[in-house]
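Below is the file start11.cif, which contains mmCIF, C-alpha atoms and all ligand atoms.
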data_protein
loop_
_atom_site.group_PDB
_atom_site.id
_atom_site.type_symbol
_atom_site.label_atom_id
_atom_site.label_comp_id
_atom_site.auth_asym_id
_atom_site.auth_seq_id
_atom_site.Cartn_x
_atom_site.Cartn_y
_atom_site.Cartn_z
ATOM 1 C CA MET N 8 156.454 -7.361 -105.611
ATOM 2 C CA TYR N 9 155.707 -6.486 -109.217
ATOM 3 C CA ASN N 10 152.542 -7.149 -111.100
ATOM 4 C CA SER N 11 151.645 -5.800 -114.477
ATOM 5 C CA PHE N 12 147.970 -5.747 -113.497
ATOM 6 C CA GLU N 13 148.400 -3.115 -110.761
ATOM 7 C CA HIS N 14 145.876 -0.906 -112.526
ATOM 8 C CA ILE N 15 143.182 -3.635 -112.495
ATOM 9 C CA ASP N 16 140.693 -4.265 -109.664
ATOM 10 C CA SER N 17 142.104 -6.817 -107.198
ATOM 11 C CA ASP N 18 139.015 -9.070 -107.577
ATOM 12 C CA VAL N 19 140.140 -9.789 -111.094
ATOM 13 C CA LEU N 20 143.540 -10.902 -109.848
ATOM 14 C CA GLN N 21 141.920 -13.239 -107.335
ATOM 15 C CA ASN N 22 139.993 -14.870 -110.155
ATOM 16 C CA PRO N 23 142.306 -14.504 -113.113
ATOM 17 C CA GLU N 24 140.813 -15.493 -116.390
ATOM 18 C CA GLU N 25 142.070 -18.667 -117.947
ATOM 19 C CA TYR N 26 144.502 -18.375 -120.779
ATOM 20 C CA PRO N 27 143.473 -20.952 -123.372
ATOM 21 C CA GLY N 28 146.004 -21.432 -126.100
ATOM 22 C CA VAL N 29 148.793 -19.334 -124.550
ATOM 23 C CA GLU N 30 152.081 -21.173 -125.043
ATOM 24 C CA TYR N 31 155.734 -20.606 -124.222
ATOM 25 C CA PRO N 32 158.886 -22.186 -125.686
ATOM 26 C CA ILE N 33 160.332 -24.193 -122.806
ATOM 27 C CA MET N 34 163.899 -25.477 -122.875
ATOM 28 C CA GLU N 35 163.566 -27.403 -119.625
ATOM 29 C CA HIS N 36 161.584 -27.485 -116.405
ATOM 30 C CA PHE N 37 162.481 -29.300 -113.214
ATOM 31 C CA TYR N 38 162.039 -29.364 -109.464
ATOM 32 C CA THR N 39 165.276 -28.642 -107.640
ATOM 33 C CA ILE N 40 166.961 -26.429 -105.060
ATOM 34 C CA GLN N 41 167.527 -22.720 -105.708
ATOM 35 C CA GLY N 42 171.298 -22.432 -105.681
ATOM 36 C CA GLU N 43 171.860 -18.674 -105.828
ATOM 37 C CA GLY N 44 171.082 -15.451 -103.979
ATOM 38 C CA VAL N 45 168.762 -14.748 -101.053
ATOM 39 C CA HIS N 46 166.655 -17.866 -101.624
ATOM 40 C CA THR N 47 169.603 -20.258 -101.749
ATOM 41 C CA GLY N 48 168.699 -23.677 -100.395
ATOM 42 C CA LYS N 49 164.940 -23.397 -100.937
ATOM 43 C CA ALA N 50 163.011 -25.922 -102.980
ATOM 44 C CA ALA N 51 161.854 -24.388 -106.256
ATOM 45 C CA TYR N 52 160.438 -25.418 -109.616
ATOM 46 C CA PHE N 53 162.570 -23.979 -112.427
ATOM 47 C CA ILE N 54 161.013 -23.065 -115.771
ATOM 48 C CA ARG N 55 163.620 -22.188 -118.383
ATOM 49 C CA THR N 56 162.133 -20.401 -121.375
ATOM 50 C CA GLY N 57 163.755 -20.551 -124.804
ATOM 51 C CA GLY N 58 165.148 -17.463 -126.497
ATOM 52 C CA CYS N 59 167.833 -14.952 -125.525
ATOM 53 C CA ASP N 60 169.075 -11.889 -127.389
ATOM 54 C CA VAL N 61 171.731 -10.848 -124.847
ATOM 55 C CA GLN N 62 174.440 -13.266 -125.957
ATOM 56 C CA CYS N 63 176.968 -13.203 -123.105
ATOM 57 C CA TRP N 64 180.095 -14.930 -124.441
ATOM 58 C CA TRP N 65 180.505 -16.883 -121.191
ATOM 59 C CA CYS N 66 176.845 -18.041 -121.083
ATOM 60 C CA ASP N 67 176.476 -21.583 -119.717
ATOM 61 C CA VAL N 68 173.053 -22.128 -121.334
ATOM 62 C CA LYS N 69 173.785 -21.180 -124.937
ATOM 63 C CA ASP N 70 171.340 -23.869 -126.071
ATOM 64 C CA SER N 71 168.599 -21.602 -124.789
ATOM 65 C CA TRP N 72 169.350 -18.789 -127.266
ATOM 66 C CA ASP N 73 167.409 -20.085 -130.270
ATOM 67 C CA GLU N 74 163.754 -20.033 -129.283
ATOM 68 C CA SER N 75 162.721 -22.151 -132.270
ATOM 69 C CA LYS N 76 164.691 -25.135 -130.949
ATOM 70 C CA HIS N 77 162.430 -25.533 -127.943
ATOM 71 C CA PRO N 78 158.996 -27.152 -127.833
ATOM 72 C CA LYS N 79 156.051 -25.055 -126.801
ATOM 73 C CA MET N 80 154.032 -25.855 -123.707
ATOM 74 C CA THR N 81 150.643 -24.421 -122.839
ATOM 75 C CA VAL N 82 150.135 -22.529 -119.608
ATOM 76 C CA ASP N 83 147.967 -25.388 -118.325
ATOM 77 C CA GLU N 84 150.696 -27.943 -119.031
ATOM 78 C CA ILE N 85 153.344 -25.900 -117.226
ATOM 79 C CA VAL N 86 151.123 -25.091 -114.248
ATOM 80 C CA SER N 87 150.139 -28.740 -113.937
ATOM 81 C CA GLU N 88 153.823 -29.749 -113.654
ATOM 82 C CA VAL N 89 154.456 -27.082 -111.016
ATOM 83 C CA GLN N 90 151.415 -28.229 -109.038
ATOM 84 C CA LYS N 91 152.356 -31.916 -109.215
ATOM 85 C CA SER N 92 155.825 -31.136 -107.840
ATOM 86 C CA GLY N 93 154.502 -29.520 -104.662
ATOM 87 C CA ALA N 94 157.047 -26.699 -105.013
ATOM 88 C CA PRO N 95 156.329 -23.522 -103.011
ATOM 89 C CA ILE N 96 158.203 -21.334 -105.517
ATOM 90 C CA ALA N 97 158.381 -21.251 -109.306
ATOM 91 C CA VAL N 98 161.466 -19.562 -110.777
ATOM 92 C CA ILE N 99 161.077 -18.306 -114.339
ATOM 93 C CA THR N 100 164.498 -18.144 -115.941
ATOM 94 C CA GLY N 101 166.083 -18.459 -119.358
ATOM 95 C CA GLY N 102 167.323 -17.631 -121.774
ATOM 96 C CA GLU N 103 165.819 -14.208 -121.278
ATOM 97 C CA PRO N 104 162.299 -14.836 -119.979
ATOM 98 C CA LEU N 105 161.133 -11.248 -120.548
ATOM 99 C CA LEU N 106 161.271 -11.829 -124.295
ATOM 100 C CA HIS N 107 157.859 -13.366 -123.605
ATOM 101 C CA ASP N 108 154.748 -11.787 -122.097
ATOM 102 C CA LEU N 109 154.675 -13.555 -118.739
ATOM 103 C CA ASP N 110 151.260 -12.362 -117.542
ATOM 104 C CA ALA N 111 149.417 -15.583 -118.363
ATOM 105 C CA LEU N 112 152.052 -17.885 -116.917
ATOM 106 C CA THR N 113 152.671 -16.029 -113.674
ATOM 107 C CA ASN N 114 149.036 -15.278 -112.890
ATOM 108 C CA SER N 115 148.169 -18.918 -113.450
ATOM 109 C CA ILE N 116 150.998 -20.103 -111.201
ATOM 110 C CA LYS N 117 150.009 -17.669 -108.462
ATOM 111 C CA ASN N 118 146.435 -18.888 -108.777
ATOM 112 C CA ILE N 119 147.535 -22.315 -107.454
ATOM 113 C CA GLY N 120 149.220 -20.662 -104.452
ATOM 114 C CA VAL N 121 152.810 -20.847 -105.652
ATOM 115 C CA ASN N 122 155.121 -17.825 -105.376
ATOM 116 C CA THR N 123 156.637 -16.529 -108.598
ATOM 117 C CA HIS N 124 160.278 -15.483 -108.953
ATOM 118 C CA ILE N 125 162.140 -14.346 -112.038
ATOM 119 C CA GLU N 126 165.783 -14.172 -112.998
ATOM 120 C CA THR N 127 166.280 -11.648 -115.797
ATOM 121 C CA SER N 128 168.804 -9.393 -117.465
ATOM 122 C CA GLY N 129 166.065 -6.750 -117.491
ATOM 123 C CA SER N 130 166.790 -5.930 -121.125
ATOM 124 C CA SER N 131 163.191 -6.423 -122.329
ATOM 125 C CA PRO N 132 159.974 -4.859 -120.990
ATOM 126 C CA LEU N 133 158.640 -6.170 -117.690
ATOM 127 C CA SER N 134 155.542 -8.333 -117.743
ATOM 128 C CA GLY N 135 154.066 -10.812 -115.293
ATOM 129 C CA ASN N 136 153.137 -10.929 -111.638
ATOM 130 C CA PHE N 137 156.148 -11.569 -109.402
ATOM 131 C CA ASP N 138 156.852 -11.992 -105.713
ATOM 132 C CA TRP N 139 160.604 -11.714 -106.268
ATOM 133 C CA ILE N 140 162.631 -10.147 -109.056
ATOM 134 C CA THR N 141 166.315 -10.930 -109.446
ATOM 135 C CA LEU N 142 168.078 -8.628 -111.862
ATOM 136 C CA SER N 143 171.272 -10.011 -113.336
ATOM 137 C CA PRO N 144 172.350 -7.135 -115.593
ATOM 138 C CA LYS N 145 174.576 -7.807 -118.580
ATOM 139 C CA ARG N 146 176.804 -5.228 -120.258
ATOM 140 C CA PHE N 147 176.050 -6.821 -123.648
ATOM 141 C CA LYS N 148 172.428 -5.575 -123.491
ATOM 142 C CA LYS N 149 171.701 -3.216 -120.633
ATOM 143 C CA PRO N 150 168.628 -3.334 -118.400
ATOM 144 C CA LEU N 151 165.726 -1.005 -119.200
ATOM 145 C CA ASP N 152 165.266 1.839 -116.702
ATOM 146 C CA GLU N 153 161.662 0.717 -116.082
ATOM 147 C CA VAL N 154 162.902 -2.470 -114.407
ATOM 148 C CA PHE N 155 165.001 -0.966 -111.607
ATOM 149 C CA PRO N 156 162.221 0.197 -109.229
ATOM 150 C CA TYR N 157 161.036 -3.423 -108.853
ATOM 151 C CA VAL N 158 164.351 -5.162 -108.243
ATOM 152 C CA ASP N 159 164.408 -7.230 -105.029
ATOM 153 C CA GLU N 160 167.843 -8.694 -105.636
ATOM 154 C CA LEU N 161 170.729 -7.529 -107.817
ATOM 155 C CA LYS N 162 173.138 -10.282 -108.793
ATOM 156 C CA VAL N 163 176.137 -9.339 -110.895
ATOM 157 C CA VAL N 164 178.345 -11.976 -112.466
ATOM 158 C CA VAL N 165 181.985 -10.952 -112.059
ATOM 159 C CA LEU N 166 184.903 -11.880 -114.292
ATOM 160 C CA THR N 167 187.105 -8.760 -114.052
ATOM 161 C CA LYS N 168 187.358 -5.427 -112.209
ATOM 162 C CA LYS N 169 185.205 -3.819 -114.918
ATOM 163 C CA ASP N 170 182.291 -5.884 -113.651
ATOM 164 C CA LEU N 171 182.624 -4.329 -110.196
ATOM 165 C CA VAL N 172 182.185 -0.877 -111.748
ATOM 166 C CA TRP N 173 179.196 -2.227 -113.682
ATOM 167 C CA ALA N 174 177.790 -3.656 -110.440
ATOM 168 C CA GLU N 175 177.946 -0.263 -108.687
ATOM 169 C CA GLU N 176 176.362 1.506 -111.677
ATOM 170 C CA ASN N 177 173.398 -0.846 -111.497
ATOM 171 C CA ALA N 178 173.142 -0.799 -107.693
ATOM 172 C CA ALA N 179 172.844 3.001 -107.816
ATOM 173 C CA LYS N 180 169.618 2.627 -109.831
ATOM 174 C CA CYS N 181 167.994 0.051 -107.503
ATOM 175 C CA PRO N 182 165.825 0.747 -104.439
ATOM 176 C CA ASP N 183 167.660 0.961 -101.079
ATOM 177 C CA SER N 184 165.996 -2.304 -100.033
ATOM 178 C CA THR N 185 167.561 -4.306 -102.883
ATOM 179 C CA LYS N 186 169.845 -7.143 -101.757
ATOM 180 C CA LEU N 187 173.206 -6.841 -103.478
ATOM 181 C CA PHE N 188 175.240 -9.846 -104.629
ATOM 182 C CA LEU N 189 178.413 -10.427 -106.590
ATOM 183 C CA GLN N 190 178.743 -13.870 -108.116
ATOM 184 C CA PRO N 191 181.988 -15.328 -109.478
ATOM 185 C CA GLU N 192 181.770 -16.617 -113.027
ATOM 186 C CA TRP N 193 182.087 -20.395 -112.653
ATOM 187 C CA ASP N 194 184.983 -20.846 -115.098
ATOM 188 C CA THR N 195 186.920 -17.756 -113.944
ATOM 189 C CA PRO N 196 188.481 -18.755 -110.595
ATOM 190 C CA ASP N 197 190.491 -15.485 -110.373
ATOM 191 C CA SER N 198 187.211 -13.662 -109.887
ATOM 192 C CA ILE N 199 186.799 -15.230 -106.428
ATOM 193 C CA LYS N 200 189.755 -13.349 -104.915
ATOM 194 C CA LEU N 201 188.558 -10.147 -106.572
ATOM 195 C CA ILE N 202 185.103 -10.530 -105.079
ATOM 196 C CA VAL N 203 186.265 -11.515 -101.595
ATOM 197 C CA ASN N 204 188.474 -8.436 -101.347
ATOM 198 C CA TYR N 205 185.746 -6.194 -102.739
ATOM 199 C CA VAL N 206 183.059 -7.424 -100.339
ATOM 200 C CA LYS N 207 185.394 -6.951 -97.353
ATOM 201 C CA GLU N 208 185.817 -3.322 -98.391
ATOM 202 C CA HIS N 209 182.175 -2.838 -99.444
ATOM 203 C CA PRO N 210 180.119 -4.901 -96.988
ATOM 204 C CA GLU N 211 176.815 -3.742 -98.426
ATOM 205 C CA TRP N 212 177.509 -6.432 -101.034
ATOM 206 C CA GLY N 213 177.359 -10.161 -100.382
ATOM 207 C CA ILE N 214 178.653 -13.142 -102.333
ATOM 208 C CA SER N 215 176.317 -15.443 -104.237
ATOM 209 C CA LEU N 216 177.700 -18.844 -105.183
ATOM 210 C CA GLN N 217 176.204 -21.323 -107.619
ATOM 211 C CA THR N 218 175.672 -23.809 -104.798
ATOM 212 C CA HIS N 219 173.568 -26.111 -106.994
ATOM 213 C CA LYS N 220 176.776 -26.892 -108.890
ATOM 214 C CA TYR N 221 178.502 -27.911 -105.642
ATOM 215 C CA LEU N 222 175.443 -29.971 -104.702
ATOM 216 C CA GLN N 223 175.468 -31.452 -108.228
ATOM 217 C CA VAL N 224 171.775 -30.822 -108.752
ATOM 218 C CA PRO N 225 170.380 -29.152 -111.897
HETATM 219 FE FE1 LIG P 301 173.084 -16.595 -121.300
HETATM 220 FE FE2 LIG P 301 171.630 -15.304 -119.467
HETATM 221 FE FE3 LIG P 301 173.502 -13.979 -120.906
HETATM 222 FE FE4 LIG P 301 171.236 -14.853 -122.087
HETATM 223 S S1 LIG P 301 171.404 -13.296 -120.452
HETATM 224 S S2 LIG P 301 173.326 -15.027 -122.886
HETATM 225 S S3 LIG P 301 170.896 -16.787 -121.011
HETATM 226 S S4 LIG P 301 173.851 -15.625 -119.382
#

Would you kindly transcribe this structure into structure tokens?
Amino acid sequence: MYNSFEHIDSDVLQNPEEYPGVEYPIMEHFYTIQGEGVHTGKAAYFIRTGGCDVQCWWCDVKDSWDESKHPKMTVDEIVSEVQKSGAPIAVITGGEPLLHDLDALTNSIKNIGVNTHIETSGSSPLSGNFDWITLSPKRFKKPLDEVFPYVDELKVVVLTKKDLVWAEENAAKCPDSTKLFLQPEWDTPDSIKLIVNYVKEHPEWGISLQTHKYLQVP
């Protein structure tokens, strides 16, 4: 678990102040099934923030990159949608969600009893209050060292053998408890054979598939 308020008395966290006027650019938000990693198959409310400065050439959400294209929502509006859905988990994703200070959003979501997860490249400073941190490191903009101690799950997208080296470099910086996953890039079918062989030889890794795409849910 990571929370950026660790230095503050816990009573404050139990009664977090309201955050009037705090807004985030939101590309989309929807209730669906988590398709990837340890929490695959669980119901979760996805909040996709606008803005990304990592610019992976194979990115499948390039529309997220330009923050100014996406309407802003207040914390109250977002939390209200999460609450209405009945979801037990809210996943903050992007884009690169850590381009934004996530303290207000995550504390407000936790205040309604919903667990907070994040999917991040780790390339911007950590903020927020999270029950689960998935680091998906990208060679185009490397994760900050400050992120590694809090990583619950490492998920590396694989296209070529170079990505397996990159995966091991990042795994070496994570806590021993971190769950390790290799994930084939959706449009690179050759990566599947590469990953299968690698995991058989290095069973500390598992395979994460984008099962939501097989299920044809968002
Ligand atoms: Fe796309 Fe994610 Fe890479 Fe940003 S970090 S370019 S959103 S895949």

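With all atoms listed in the file as the atoms that count, the minimum distance from Glu103 (chain N) to the choices N:Pro32, N:Asn136, N:His46, N:Val86 is reached by N:Pro32.
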
Fewer than 6 positions away in the same chain doesn't count, so skip those; otherwise give me all residues within 9 Å of Gln90 (chain N), counting all atoms listed in the file, as a PyMOL selection string. chain N and resi 116+119+121

So what does the PyMOL selection byres (((not hetatm)) within 6 of (chain P and resi 301)) actually pick up in this one, as an MDAnalysis selection string? chainID N and resid 59 61:63 66 68:69 101:103 128

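Atom to atom, CA of Trp72 (chain N) and CA of Ile99 (chain N) stand 15.4 Å apart.
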
Excluding Gly120 (chain N) and its own-chain neighbours fewer than 2 positions away, which residues fall within 12 Å of it when counting only C-alpha atoms? Please give them as a PyMOL selection string. chain N and resi 21+86+89-90+93-97+113-118+122-123+138

Residue neighbourhood Leu187 (chain N), 12 Å, all atoms listed in the file, exclusion window fewer than 2 positions, as a compact mmCIF listing (two decimals) with C-alpha atoms, in the frame of the given file:
# COMPACT_ATOMS: atom_id res chain seq x y z
CA GLY N 44 171.08 -15.45 -103.98
CA VAL N 45 168.76 -14.75 -101.05
CA THR N 141 166.32 -10.93 -109.45
CA LEU N 142 168.08 -8.63 -111.86
CA SER N 143 171.27 -10.01 -113.34
CA VAL N 158 164.35 -5.16 -108.24
CA ASP N 159 164.41 -7.23 -105.03
CA GLU N 160 167.84 -8.69 -105.64
CA LEU N 161 170.73 -7.53 -107.82
CA LYS N 162 173.14 -10.28 -108.79
CA VAL N 163 176.14 -9.34 -110.90
CA VAL N 164 178.34 -11.98 -112.47
CA LEU N 171 182.62 -4.33 -110.20
CA ALA N 174 177.79 -3.66 -110.44
CA GLU N 175 177.95 -0.26 -108.69
CA ASN N 177 173.40 -0.85 -111.50
CA ALA N 178 173.14 -0.80 -107.69
CA ALA N 179 172.84 3.00 -107.82
CA LYS N 180 169.62 2.63 -109.83
CA CYS N 181 167.99 0.05 -107.50
CA PRO N 182 165.82 0.75 -104.44
CA ASP N 183 167.66 0.96 -101.08
CA SER N 184 166.00 -2.30 -100.03
CA THR N 185 167.56 -4.31 -102.88
CA LEU N 189 178.41 -10.43 -106.59
CA GLN N 190 178.74 -13.87 -108.12
CA VAL N 206 183.06 -7.42 -100.34
CA HIS N 209 182.18 -2.84 -99.44
CA PRO N 210 180.12 -4.90 -96.99
CA GLU N 211 176.82 -3.74 -98.43
CA TRP N 212 177.51 -6.43 -101.03
CA GLY N 213 177.36 -10.16 -100.38
CA ILE N 214 178.65 -13.14 -102.33
CA SER N 215 176.32 -15.44 -104.24

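Between CA of Lys149 (chain N) and CA of Ile54 (chain N) the separation is 23.1 Å.
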
Run the PyMOL selection byres (((chain N and resi 166-168) around 8) and not hetatm) on the file and write out the hits as a PDB file with C-alpha atoms, in the frame of the given file.
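Written file, result-v2.pdb:
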ATOM      1  CA  VAL N 164     178.345 -11.976-112.466  1.00  0.00           C
ATOM      2  CA  VAL N 165     181.985 -10.952-112.059  1.00  0.00           C
ATOM      3  CA  LYS N 169     185.205  -3.819-114.918  1.00  0.00           C
ATOM      4  CA  ASP N 170     182.291  -5.884-113.651  1.00  0.00           C
ATOM      5  CA  LEU N 171     182.624  -4.329-110.196  1.00  0.00           C
ATOM      6  CA  VAL N 172     182.185  -0.877-111.748  1.00  0.00           C
ATOM      7  CA  PRO N 191     181.988 -15.328-109.478  1.00  0.00           C
ATOM      8  CA  GLU N 192     181.770 -16.617-113.027  1.00  0.00           C
ATOM      9  CA  THR N 195     186.920 -17.756-113.944  1.00  0.00           C
ATOM     10  CA  ASP N 197     190.491 -15.485-110.373  1.00  0.00           C
ATOM     11  CA  SER N 198     187.211 -13.662-109.887  1.00  0.00           C
ATOM     12  CA  LEU N 201     188.558 -10.147-106.572  1.00  0.00           C
TER      13      LEU N 201
END

Could you state which residues are captured by the PyMOL selection byres (((chain N and resi 42) around 9) and not hetatm) in this file, as an MDAnalysis selection string? chainID N and resid 39:41 43:44 46:49 215:220 222 224

Save the residues we just selected, C-alpha atoms, as a PDB file, keeping the file's coordinate frame?
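New file part.pdb:
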ATOM      1  CA  THR N  39     165.276 -28.642-107.640  1.00  0.00           C
ATOM      2  CA  ILE N  40     166.961 -26.429-105.060  1.00  0.00           C
ATOM      3  CA  GLN N  41     167.527 -22.720-105.708  1.00  0.00           C
ATOM      4  CA  GLU N  43     171.860 -18.674-105.828  1.00  0.00           C
ATOM      5  CA  GLY N  44     171.082 -15.451-103.979  1.00  0.00           C
ATOM      6  CA  HIS N  46     166.655 -17.866-101.624  1.00  0.00           C
ATOM      7  CA  THR N  47     169.603 -20.258-101.749  1.00  0.00           C
ATOM      8  CA  GLY N  48     168.699 -23.677-100.395  1.00  0.00           C
ATOM      9  CA  LYS N  49     164.940 -23.397-100.937  1.00  0.00           C
ATOM     10  CA  SER N 215     176.317 -15.443-104.237  1.00  0.00           C
ATOM     11  CA  LEU N 216     177.700 -18.844-105.183  1.00  0.00           C
ATOM     12  CA  GLN N 217     176.204 -21.323-107.619  1.00  0.00           C
ATOM     13  CA  THR N 218     175.672 -23.809-104.798  1.00  0.00           C
ATOM     14  CA  HIS N 219     173.568 -26.111-106.994  1.00  0.00           C
ATOM     15  CA  LYS N 220     176.776 -26.892-108.890  1.00  0.00           C
ATOM     16  CA  LEU N 222     175.443 -29.971-104.702  1.00  0.00           C
ATOM     17  CA  VAL N 224     171.775 -30.822-108.752  1.00  0.00           C
TER      18      VAL N 224
END

Here is a test: counting all atoms listed in the file, which residue of N:Ile125, N:Val203, N:Ile140, N:Val29 is nearest to Lys79 (chain N)? N:Val29

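A straight line drawn from CA of Thr56 (chain N) to CA of Ser71 (chain N) is 7.4 Å long.
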
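Of the residues listed (N:His107, N:Phe37, N:Pro144, N:Ser75), N:Phe37 shows the shortest atom-to-atom separation from Ala51 (chain N); distances use only C-alpha atoms.
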
Centre and size of axis-aligned box enclosing region 83-91 of chain N plus 8 Å each side, as AutoDock Vina command-line options:
--center_x 151.2 --center_y -28.5 --center_z -114.0 --size_x 22.5 --size_y 22.8 --size_z 26.0

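Distances to Val154 (chain N) were evaluated for N:Asp67, N:Gly58, N:Glu176, N:Ser130 using all atoms listed in the file, and the minimum falls at N:Ser130.
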